[in-house]
Amino acid sequence: MKKRKRITALFVCTLLVMMMLAACSGNGSGNTQTSSGSDPAPEEDLYEITMAYPGVDQKDISLIQDEMNKLIKDKIGATVKLLPISFGAWQQQINLMLSSNEKLDIMTVLGSDYATRVAKSQLVPLDDLLAQSGQDILKAVEPSYLDAARIDGKTYALPSIRDFAAGPGILMRKDLVDKYSIDVSSIKSYEDLSKVFETIKKNEPDVTPLVPLSGSSISLTLTDLMDTSDFDTLDDSIGVLPDLDNNLKVVNLFENAKYQQRLGLVRQWYLDGYISKDAATSSDSAQTLMG
C-alpha cells in the first residue's frame, strides 16, 4: 500500500521520452507508417528512429540494434539507431543536439530535467499518441504513475517502471567471489559488505574493493545510501518522506539518524582503504577498473 503512494516517484526514476518522429529532424516528412500487412518496405524507405540514452557504448551494440530492427521494421515501418552517450557528456551533448535541431526521436530524460525541457518546448505531448497506439502502456503503468508525469494536464514522458522493480546493488568480480567463497546470498544490507571488503583488502592488497560505477562518480549517491523502502526522495533527496509515507510529513534527510549512520559507515570504508582515494576525480569506468 505504501508503494502506491509514491506518486512522486516520477522525479527519481528515469523517464523515457517518446518525441514525435520528425519533431527534431527539421522536416515534416518523417511520419512513421504502421505496416498494414502488405509487402515490407525496402530498407532505404524505412524511417530511422534515433534513440539517445546515457550509457557506455558496448562493443556488441550493433548486434543488439540489428536484432531490434528484425523485430520492429515490418511492424512499424521503421528501424532504430541506438545512440549511447557517456554519463559525463550526457547533458552537454543532448543540449547541443536539441539546440542545433539535430535529428533525435526518442531520448532519456532524468527527472530533474523533465519540467525544464517541457518549459523549453523540447518535448512533445504524447496523449494523442498514447490514446491511439499506447493501450498496452496504459495497461502496464499504474494510473497514479502516469498522473505524476503530467504537466498542466499533458503527458510529455513515460515513467520507466523498471525502477519500481529494482534497487541499488553491488557488482562483483566472479573470480574473487569464487576464490574467497563469498556467500552473496548472505548480503542483505550495506553493513554486510564491510566483511566482504575486509576479505578482499586483506588478501588482494592491489585491489580496491569499491570503485566508481562510472567516471568521476562513486556509486553511492544520497539515495543509494538508503534501501529503496527507506525514503520517498521527492526529487532532490533533501526533503524526504521516511518509510515512503510518514503521514506526508517531509523531513530533512541530513537530520535523519538512519542516514547519518549510513554516512558514518561509508566514511569508515574510506578510512579503511576500501574506497579509491581518487574516486571523486577518476575518469576510469567500472569496466576498466574491474577488468
# chains A, B, ... in the order shown; residues from 1 in each chain; ligands from 1
$ residues_around --residues "Arg173 of chain A" --least-positions-apart "3" --cutoff "8 Å" --atoms "only C-alpha atoms" --output "PyMOL selection string"
chain A and resi 176-177+290
$ select_by_dssp --residues "segment 50-252 of chain A" --states "strand (DSSP E)" --output "PyMOL selection string"
chain A and resi 50-54+78-85+106-110+150-151+154-155+158-159+231-232+239-242+251-252
$ write_last_selection --atoms "C-alpha atoms" --output "PDB file, in the first residue's frame"
ATOM      1  CA  THR A  50      17.396   7.882 -33.385  1.00  0.00           C
ATOM      2  CA  MET A  51      17.282   6.837 -29.729  1.00  0.00           C
ATOM      3  CA  ALA A  52      19.688   8.518 -27.287  1.00  0.00           C
ATOM      4  CA  TYR A  53      20.330   7.309 -23.767  1.00  0.00           C
ATOM      5  CA  PRO A  54      23.087   7.689 -21.140  1.00  0.00           C
ATOM      6  CA  ALA A  78      10.990   1.869 -39.127  1.00  0.00           C
ATOM      7  CA  THR A  79      14.380   0.893 -37.785  1.00  0.00           C
ATOM      8  CA  VAL A  80      16.215   2.169 -34.725  1.00  0.00           C
ATOM      9  CA  LYS A  81      19.655   3.687 -34.346  1.00  0.00           C
ATOM     10  CA  LEU A  82      20.953   3.381 -30.782  1.00  0.00           C
ATOM     11  CA  LEU A  83      22.947   6.381 -29.586  1.00  0.00           C
ATOM     12  CA  PRO A  84      24.610   5.786 -26.196  1.00  0.00           C
ATOM     13  CA  ILE A  85      26.223   8.872 -24.648  1.00  0.00           C
ATOM     14  CA  ILE A 106      13.496   9.188 -28.537  1.00  0.00           C
ATOM     15  CA  MET A 107      15.594  10.174 -25.553  1.00  0.00           C
ATOM     16  CA  THR A 108      16.001   9.538 -21.869  1.00  0.00           C
ATOM     17  CA  VAL A 109      15.183  12.428 -19.545  1.00  0.00           C
ATOM     18  CA  LEU A 110      16.340  12.488 -15.949  1.00  0.00           C
ATOM     19  CA  ARG A 150       1.595  15.150 -16.416  1.00  0.00           C
ATOM     20  CA  ILE A 151       2.437  18.834 -16.548  1.00  0.00           C
ATOM     21  CA  LYS A 154      -0.395  16.856 -20.578  1.00  0.00           C
ATOM     22  CA  THR A 155       1.943  13.859 -20.724  1.00  0.00           C
ATOM     23  CA  LEU A 158       6.551   7.962 -19.568  1.00  0.00           C
ATOM     24  CA  PRO A 159       7.932   6.798 -16.221  1.00  0.00           C
ATOM     25  CA  PHE A 231      12.503   7.019   1.779  1.00  0.00           C
ATOM     26  CA  ASP A 232      10.483   8.654  -0.924  1.00  0.00           C
ATOM     27  CA  GLY A 239      13.399  16.741   1.847  1.00  0.00           C
ATOM     28  CA  VAL A 240      12.136  13.150   2.092  1.00  0.00           C
ATOM     29  CA  LEU A 241       9.252  11.022   3.324  1.00  0.00           C
ATOM     30  CA  PRO A 242      10.583   8.301   5.666  1.00  0.00           C
ATOM     31  CA  VAL A 251      11.740  15.755   6.889  1.00  0.00           C
ATOM     32  CA  ASN A 252      15.349  16.811   6.330  1.00  0.00           C
TER      33      ASN A 252
END
$ residues_around --residues "segment 96-100 of chain A" --least-positions-apart "3" --cutoff "8 Å" --atoms "only C-alpha atoms" --output "PDB file with all heavy atoms, in the first residue's frame"
ATOM      1  N   CYS A  24      12.281  16.728 -34.125  1.00  0.00           N
ATOM      2  CA  CYS A  24      13.587  17.367 -34.048  1.00  0.00           C
ATOM      3  C   CYS A  24      14.411  17.097 -35.296  1.00  0.00           C
ATOM      4  O   CYS A  24      15.607  17.325 -35.311  1.00  0.00           O
ATOM      5  CB  CYS A  24      14.349  16.866 -32.813  1.00  0.00           C
ATOM      6  SG  CYS A  24      13.673  17.455 -31.267  1.00  0.00           S
ATOM      7  N   GLN A  92      25.707  17.957 -21.823  1.00  0.00           N
ATOM      8  CA  GLN A  92      26.258  18.849 -22.846  1.00  0.00           C
ATOM      9  C   GLN A  92      25.874  18.393 -24.255  1.00  0.00           C
ATOM     10  O   GLN A  92      25.458  19.207 -25.090  1.00  0.00           O
ATOM     11  CB  GLN A  92      27.775  18.916 -22.714  1.00  0.00           C
ATOM     12  CG  GLN A  92      28.438  19.845 -23.736  1.00  0.00           C
ATOM     13  CD  GLN A  92      29.951  19.921 -23.558  1.00  0.00           C
ATOM     14  OE1 GLN A  92      30.517  19.231 -22.718  1.00  0.00           O
ATOM     15  NE2 GLN A  92      30.602  20.759 -24.331  1.00  0.00           N
ATOM     16  N   GLN A  93      25.986  17.101 -24.523  1.00  0.00           N
ATOM     17  CA  GLN A  93      25.724  16.620 -25.873  1.00  0.00           C
ATOM     18  C   GLN A  93      24.244  16.673 -26.220  1.00  0.00           C
ATOM     19  O   GLN A  93      23.872  17.044 -27.342  1.00  0.00           O
ATOM     20  CB  GLN A  93      26.245  15.186 -26.034  1.00  0.00           C
ATOM     21  CG  GLN A  93      26.213  14.698 -27.483  1.00  0.00           C
ATOM     22  CD  GLN A  93      27.101  13.502 -27.708  1.00  0.00           C
ATOM     23  OE1 GLN A  93      28.050  13.272 -26.956  1.00  0.00           O
ATOM     24  NE2 GLN A  93      26.805  12.729 -28.738  1.00  0.00           N
ATOM     25  N   LYS A 103      18.854  15.567 -35.512  1.00  0.00           N
ATOM     26  CA  LYS A 103      17.838  14.525 -35.523  1.00  0.00           C
ATOM     27  C   LYS A 103      17.858  13.724 -34.222  1.00  0.00           C
ATOM     28  O   LYS A 103      18.871  13.137 -33.851  1.00  0.00           O
ATOM     29  CB  LYS A 103      18.051  13.585 -36.702  1.00  0.00           C
ATOM     30  CG  LYS A 103      16.935  12.557 -36.874  1.00  0.00           C
ATOM     31  CD  LYS A 103      17.193  11.695 -38.091  1.00  0.00           C
ATOM     32  CE  LYS A 103      16.048  10.725 -38.311  1.00  0.00           C
ATOM     33  NZ  LYS A 103      15.854   9.837 -37.164  1.00  0.00           N
ATOM     34  N   LEU A 104      16.721  13.691 -33.536  1.00  0.00           N
ATOM     35  CA  LEU A 104      16.588  12.975 -32.274  1.00  0.00           C
ATOM     36  C   LEU A 104      15.110  12.667 -32.069  1.00  0.00           C
ATOM     37  O   LEU A 104      14.288  13.573 -32.009  1.00  0.00           O
ATOM     38  CB  LEU A 104      17.126  13.835 -31.120  1.00  0.00           C
ATOM     39  CG  LEU A 104      17.068  13.225 -29.722  1.00  0.00           C
ATOM     40  CD1 LEU A 104      17.885  11.943 -29.648  1.00  0.00           C
ATOM     41  CD2 LEU A 104      17.568  14.226 -28.679  1.00  0.00           C
ATOM     42  N   GLN A 122      10.987  21.423 -25.678  1.00  0.00           N
ATOM     43  CA  GLN A 122      11.867  20.424 -26.262  1.00  0.00           C
ATOM     44  C   GLN A 122      11.220  19.041 -26.307  1.00  0.00           C
ATOM     45  O   GLN A 122      11.758  18.132 -26.942  1.00  0.00           O
ATOM     46  CB  GLN A 122      13.171  20.352 -25.466  1.00  0.00           C
ATOM     47  CG  GLN A 122      14.020  21.618 -25.556  1.00  0.00           C
ATOM     48  CD  GLN A 122      15.253  21.564 -24.670  1.00  0.00           C
ATOM     49  OE1 GLN A 122      15.271  20.885 -23.644  1.00  0.00           O
ATOM     50  NE2 GLN A 122      16.291  22.286 -25.067  1.00  0.00           N
TER      51      GLN A 122
END
$ closest_residue --among "A:Val207, A:Ile64, A:Asp105, A:Ile200" --to "Val124 of chain A" --atoms "only C-alpha atoms"
A:Asp105
$ decode --residues "segment 59-74 of chain A" --atoms "all heavy atoms" --output "PDB file, in the first residue's frame"
ATOM      1  N   LYS A  59      30.613  -2.990 -27.051  1.00  0.00           N
ATOM      2  CA  LYS A  59      31.197  -3.481 -28.300  1.00  0.00           C
ATOM      3  C   LYS A  59      30.188  -4.242 -29.158  1.00  0.00           C
ATOM      4  O   LYS A  59      30.329  -4.317 -30.378  1.00  0.00           O
ATOM      5  CB  LYS A  59      32.400  -4.367 -28.002  1.00  0.00           C
ATOM      6  CG  LYS A  59      32.074  -5.645 -27.232  1.00  0.00           C
ATOM      7  CD  LYS A  59      33.320  -6.484 -27.022  1.00  0.00           C
ATOM      8  CE  LYS A  59      33.007  -7.782 -26.274  1.00  0.00           C
ATOM      9  NZ  LYS A  59      34.208  -8.613 -26.074  1.00  0.00           N
ATOM     10  N   ASP A  60      29.160  -4.828 -28.544  1.00  0.00           N
ATOM     11  CA  ASP A  60      28.175  -5.602 -29.286  1.00  0.00           C
ATOM     12  C   ASP A  60      26.885  -4.833 -29.551  1.00  0.00           C
ATOM     13  O   ASP A  60      25.860  -5.422 -29.872  1.00  0.00           O
ATOM     14  CB  ASP A  60      27.830  -6.892 -28.522  1.00  0.00           C
ATOM     15  CG  ASP A  60      29.002  -7.857 -28.451  1.00  0.00           C
ATOM     16  OD1 ASP A  60      29.842  -7.805 -29.367  1.00  0.00           O
ATOM     17  OD2 ASP A  60      29.061  -8.644 -27.502  1.00  0.00           O
ATOM     18  N   ILE A  61      26.925  -3.518 -29.433  1.00  0.00           N
ATOM     19  CA  ILE A  61      25.710  -2.741 -29.581  1.00  0.00           C
ATOM     20  C   ILE A  61      25.099  -2.888 -30.974  1.00  0.00           C
ATOM     21  O   ILE A  61      23.872  -2.858 -31.135  1.00  0.00           O
ATOM     22  CB  ILE A  61      25.972  -1.254 -29.254  1.00  0.00           C
ATOM     23  CG1 ILE A  61      24.644  -0.499 -29.137  1.00  0.00           C
ATOM     24  CG2 ILE A  61      26.870  -0.607 -30.304  1.00  0.00           C
ATOM     25  CD1 ILE A  61      24.803   0.904 -28.614  1.00  0.00           C
ATOM     26  N   SER A  62      25.940  -3.064 -31.982  1.00  0.00           N
ATOM     27  CA  SER A  62      25.408  -3.214 -33.336  1.00  0.00           C
ATOM     28  C   SER A  62      24.598  -4.499 -33.467  1.00  0.00           C
ATOM     29  O   SER A  62      23.604  -4.554 -34.207  1.00  0.00           O
ATOM     30  CB  SER A  62      26.548  -3.200 -34.358  1.00  0.00           C
ATOM     31  OG  SER A  62      27.449  -4.265 -34.128  1.00  0.00           O
ATOM     32  N   LEU A  63      24.996  -5.554 -32.745  1.00  0.00           N
ATOM     33  CA  LEU A  63      24.245  -6.804 -32.779  1.00  0.00           C
ATOM     34  C   LEU A  63      22.873  -6.630 -32.132  1.00  0.00           C
ATOM     35  O   LEU A  63      21.871  -7.141 -32.634  1.00  0.00           O
ATOM     36  CB  LEU A  63      25.026  -7.904 -32.047  1.00  0.00           C
ATOM     37  CG  LEU A  63      26.397  -8.263 -32.627  1.00  0.00           C
ATOM     38  CD1 LEU A  63      27.078  -9.329 -31.772  1.00  0.00           C
ATOM     39  CD2 LEU A  63      26.263  -8.744 -34.068  1.00  0.00           C
ATOM     40  N   ILE A  64      22.846  -5.896 -31.031  1.00  0.00           N
ATOM     41  CA  ILE A  64      21.581  -5.623 -30.359  1.00  0.00           C
ATOM     42  C   ILE A  64      20.675  -4.798 -31.263  1.00  0.00           C
ATOM     43  O   ILE A  64      19.479  -5.071 -31.404  1.00  0.00           O
ATOM     44  CB  ILE A  64      21.831  -4.885 -29.037  1.00  0.00           C
ATOM     45  CG1 ILE A  64      22.653  -5.760 -28.085  1.00  0.00           C
ATOM     46  CG2 ILE A  64      20.521  -4.467 -28.378  1.00  0.00           C
ATOM     47  CD1 ILE A  64      23.103  -5.051 -26.837  1.00  0.00           C
ATOM     48  N   GLN A  65      21.237  -3.796 -31.886  1.00  0.00           N
ATOM     49  CA  GLN A  65      20.485  -2.923 -32.788  1.00  0.00           C
ATOM     50  C   GLN A  65      19.908  -3.729 -33.952  1.00  0.00           C
ATOM     51  O   GLN A  65      18.740  -3.545 -34.322  1.00  0.00           O
ATOM     52  CB  GLN A  65      21.404  -1.821 -33.297  1.00  0.00           C
ATOM     53  CG  GLN A  65      20.748  -0.802 -34.191  1.00  0.00           C
ATOM     54  CD  GLN A  65      21.711   0.332 -34.514  1.00  0.00           C
ATOM     55  OE1 GLN A  65      21.999   1.164 -33.669  1.00  0.00           O
ATOM     56  NE2 GLN A  65      22.213   0.347 -35.732  1.00  0.00           N
ATOM     57  N   ASP A  66      20.696  -4.616 -34.510  1.00  0.00           N
ATOM     58  CA  ASP A  66      20.229  -5.436 -35.627  1.00  0.00           C
ATOM     59  C   ASP A  66      19.064  -6.335 -35.217  1.00  0.00           C
ATOM     60  O   ASP A  66      18.088  -6.494 -35.963  1.00  0.00           O
ATOM     61  CB  ASP A  66      21.373  -6.298 -36.182  1.00  0.00           C
ATOM     62  CG  ASP A  66      22.437  -5.470 -36.888  1.00  0.00           C
ATOM     63  OD1 ASP A  66      22.143  -4.302 -37.224  1.00  0.00           O
ATOM     64  OD2 ASP A  66      23.555  -5.992 -37.098  1.00  0.00           O
ATOM     65  N   GLU A  67      19.168  -6.932 -34.028  1.00  0.00           N
ATOM     66  CA  GLU A  67      18.094  -7.811 -33.561  1.00  0.00           C
ATOM     67  C   GLU A  67      16.819  -7.024 -33.281  1.00  0.00           C
ATOM     68  O   GLU A  67      15.710  -7.509 -33.535  1.00  0.00           O
ATOM     69  CB  GLU A  67      18.541  -8.571 -32.306  1.00  0.00           C
ATOM     70  CG  GLU A  67      19.614  -9.616 -32.557  1.00  0.00           C
ATOM     71  CD  GLU A  67      19.179 -10.673 -33.565  1.00  0.00           C
ATOM     72  OE1 GLU A  67      18.049 -11.177 -33.445  1.00  0.00           O
ATOM     73  OE2 GLU A  67      19.966 -10.981 -34.477  1.00  0.00           O
ATOM     74  N   MET A  68      16.962  -5.820 -32.735  1.00  0.00           N
ATOM     75  CA  MET A  68      15.794  -4.965 -32.506  1.00  0.00           C
ATOM     76  C   MET A  68      15.105  -4.644 -33.832  1.00  0.00           C
ATOM     77  O   MET A  68      13.872  -4.711 -33.945  1.00  0.00           O
ATOM     78  CB  MET A  68      16.210  -3.666 -31.810  1.00  0.00           C
ATOM     79  CG  MET A  68      16.651  -3.842 -30.380  1.00  0.00           C
ATOM     80  SD  MET A  68      17.245  -2.298 -29.640  1.00  0.00           S
ATOM     81  CE  MET A  68      15.744  -1.317 -29.651  1.00  0.00           C
ATOM     82  N   ASN A  69      15.895  -4.335 -34.840  1.00  0.00           N
ATOM     83  CA  ASN A  69      15.334  -3.959 -36.134  1.00  0.00           C
ATOM     84  C   ASN A  69      14.619  -5.122 -36.815  1.00  0.00           C
ATOM     85  O   ASN A  69      13.643  -4.928 -37.533  1.00  0.00           O
ATOM     86  CB  ASN A  69      16.428  -3.386 -37.030  1.00  0.00           C
ATOM     87  CG  ASN A  69      16.878  -2.014 -36.575  1.00  0.00           C
ATOM     88  OD1 ASN A  69      16.114  -1.276 -35.968  1.00  0.00           O
ATOM     89  ND2 ASN A  69      18.131  -1.667 -36.849  1.00  0.00           N
ATOM     90  N   LYS A  70      15.097  -6.352 -36.584  1.00  0.00           N
ATOM     91  CA  LYS A  70      14.408  -7.517 -37.123  1.00  0.00           C
ATOM     92  C   LYS A  70      12.986  -7.618 -36.566  1.00  0.00           C
ATOM     93  O   LYS A  70      12.068  -8.060 -37.255  1.00  0.00           O
ATOM     94  CB  LYS A  70      15.182  -8.792 -36.790  1.00  0.00           C
ATOM     95  CG  LYS A  70      16.485  -8.959 -37.546  1.00  0.00           C
ATOM     96  CD  LYS A  70      17.195 -10.237 -37.113  1.00  0.00           C
ATOM     97  CE  LYS A  70      18.542 -10.383 -37.808  1.00  0.00           C
ATOM     98  NZ  LYS A  70      19.264 -11.613 -37.348  1.00  0.00           N
ATOM     99  N   LEU A  71      12.832  -7.214 -35.329  1.00  0.00           N
ATOM    100  CA  LEU A  71      11.530  -7.313 -34.670  1.00  0.00           C
ATOM    101  C   LEU A  71      10.587  -6.187 -35.045  1.00  0.00           C
ATOM    102  O   LEU A  71       9.368  -6.380 -35.095  1.00  0.00           O
ATOM    103  CB  LEU A  71      11.723  -7.334 -33.148  1.00  0.00           C
ATOM    104  CG  LEU A  71      12.466  -8.536 -32.558  1.00  0.00           C
ATOM    105  CD1 LEU A  71      12.707  -8.312 -31.061  1.00  0.00           C
ATOM    106  CD2 LEU A  71      11.681  -9.817 -32.775  1.00  0.00           C
ATOM    107  N   ILE A  72      11.113  -4.999 -35.300  1.00  0.00           N
ATOM    108  CA  ILE A  72      10.222  -3.839 -35.441  1.00  0.00           C
ATOM    109  C   ILE A  72      10.032  -3.330 -36.861  1.00  0.00           C
ATOM    110  O   ILE A  72       9.029  -2.671 -37.150  1.00  0.00           O
ATOM    111  CB  ILE A  72      10.716  -2.662 -34.571  1.00  0.00           C
ATOM    112  CG1 ILE A  72      12.028  -2.087 -35.122  1.00  0.00           C
ATOM    113  CG2 ILE A  72      10.856  -3.079 -33.124  1.00  0.00           C
ATOM    114  CD1 ILE A  72      12.480  -0.824 -34.412  1.00  0.00           C
ATOM    115  N   LYS A  73      10.952  -3.619 -37.770  1.00  0.00           N
ATOM    116  CA  LYS A  73      10.891  -2.931 -39.061  1.00  0.00           C
ATOM    117  C   LYS A  73       9.625  -3.254 -39.850  1.00  0.00           C
ATOM    118  O   LYS A  73       9.044  -2.371 -40.496  1.00  0.00           O
ATOM    119  CB  LYS A  73      12.134  -3.216 -39.886  1.00  0.00           C
ATOM    120  CG  LYS A  73      12.324  -4.668 -40.304  1.00  0.00           C
ATOM    121  CD  LYS A  73      13.614  -4.805 -41.119  1.00  0.00           C
ATOM    122  CE  LYS A  73      13.821  -6.238 -41.593  1.00  0.00           C
ATOM    123  NZ  LYS A  73      15.078  -6.357 -42.377  1.00  0.00           N
ATOM    124  N   ASP A  74       9.164  -4.507 -39.808  1.00  0.00           N
ATOM    125  CA  ASP A  74       7.958  -4.863 -40.541  1.00  0.00           C
ATOM    126  C   ASP A  74       6.693  -4.480 -39.783  1.00  0.00           C
ATOM    127  O   ASP A  74       5.617  -4.364 -40.376  1.00  0.00           O
ATOM    128  CB  ASP A  74       7.940  -6.372 -40.835  1.00  0.00           C
ATOM    129  CG  ASP A  74       9.028  -6.779 -41.826  1.00  0.00           C
ATOM    130  OD1 ASP A  74       9.466  -5.900 -42.590  1.00  0.00           O
ATOM    131  OD2 ASP A  74       9.428  -7.955 -41.818  1.00  0.00           O
TER     132      ASP A  74
END
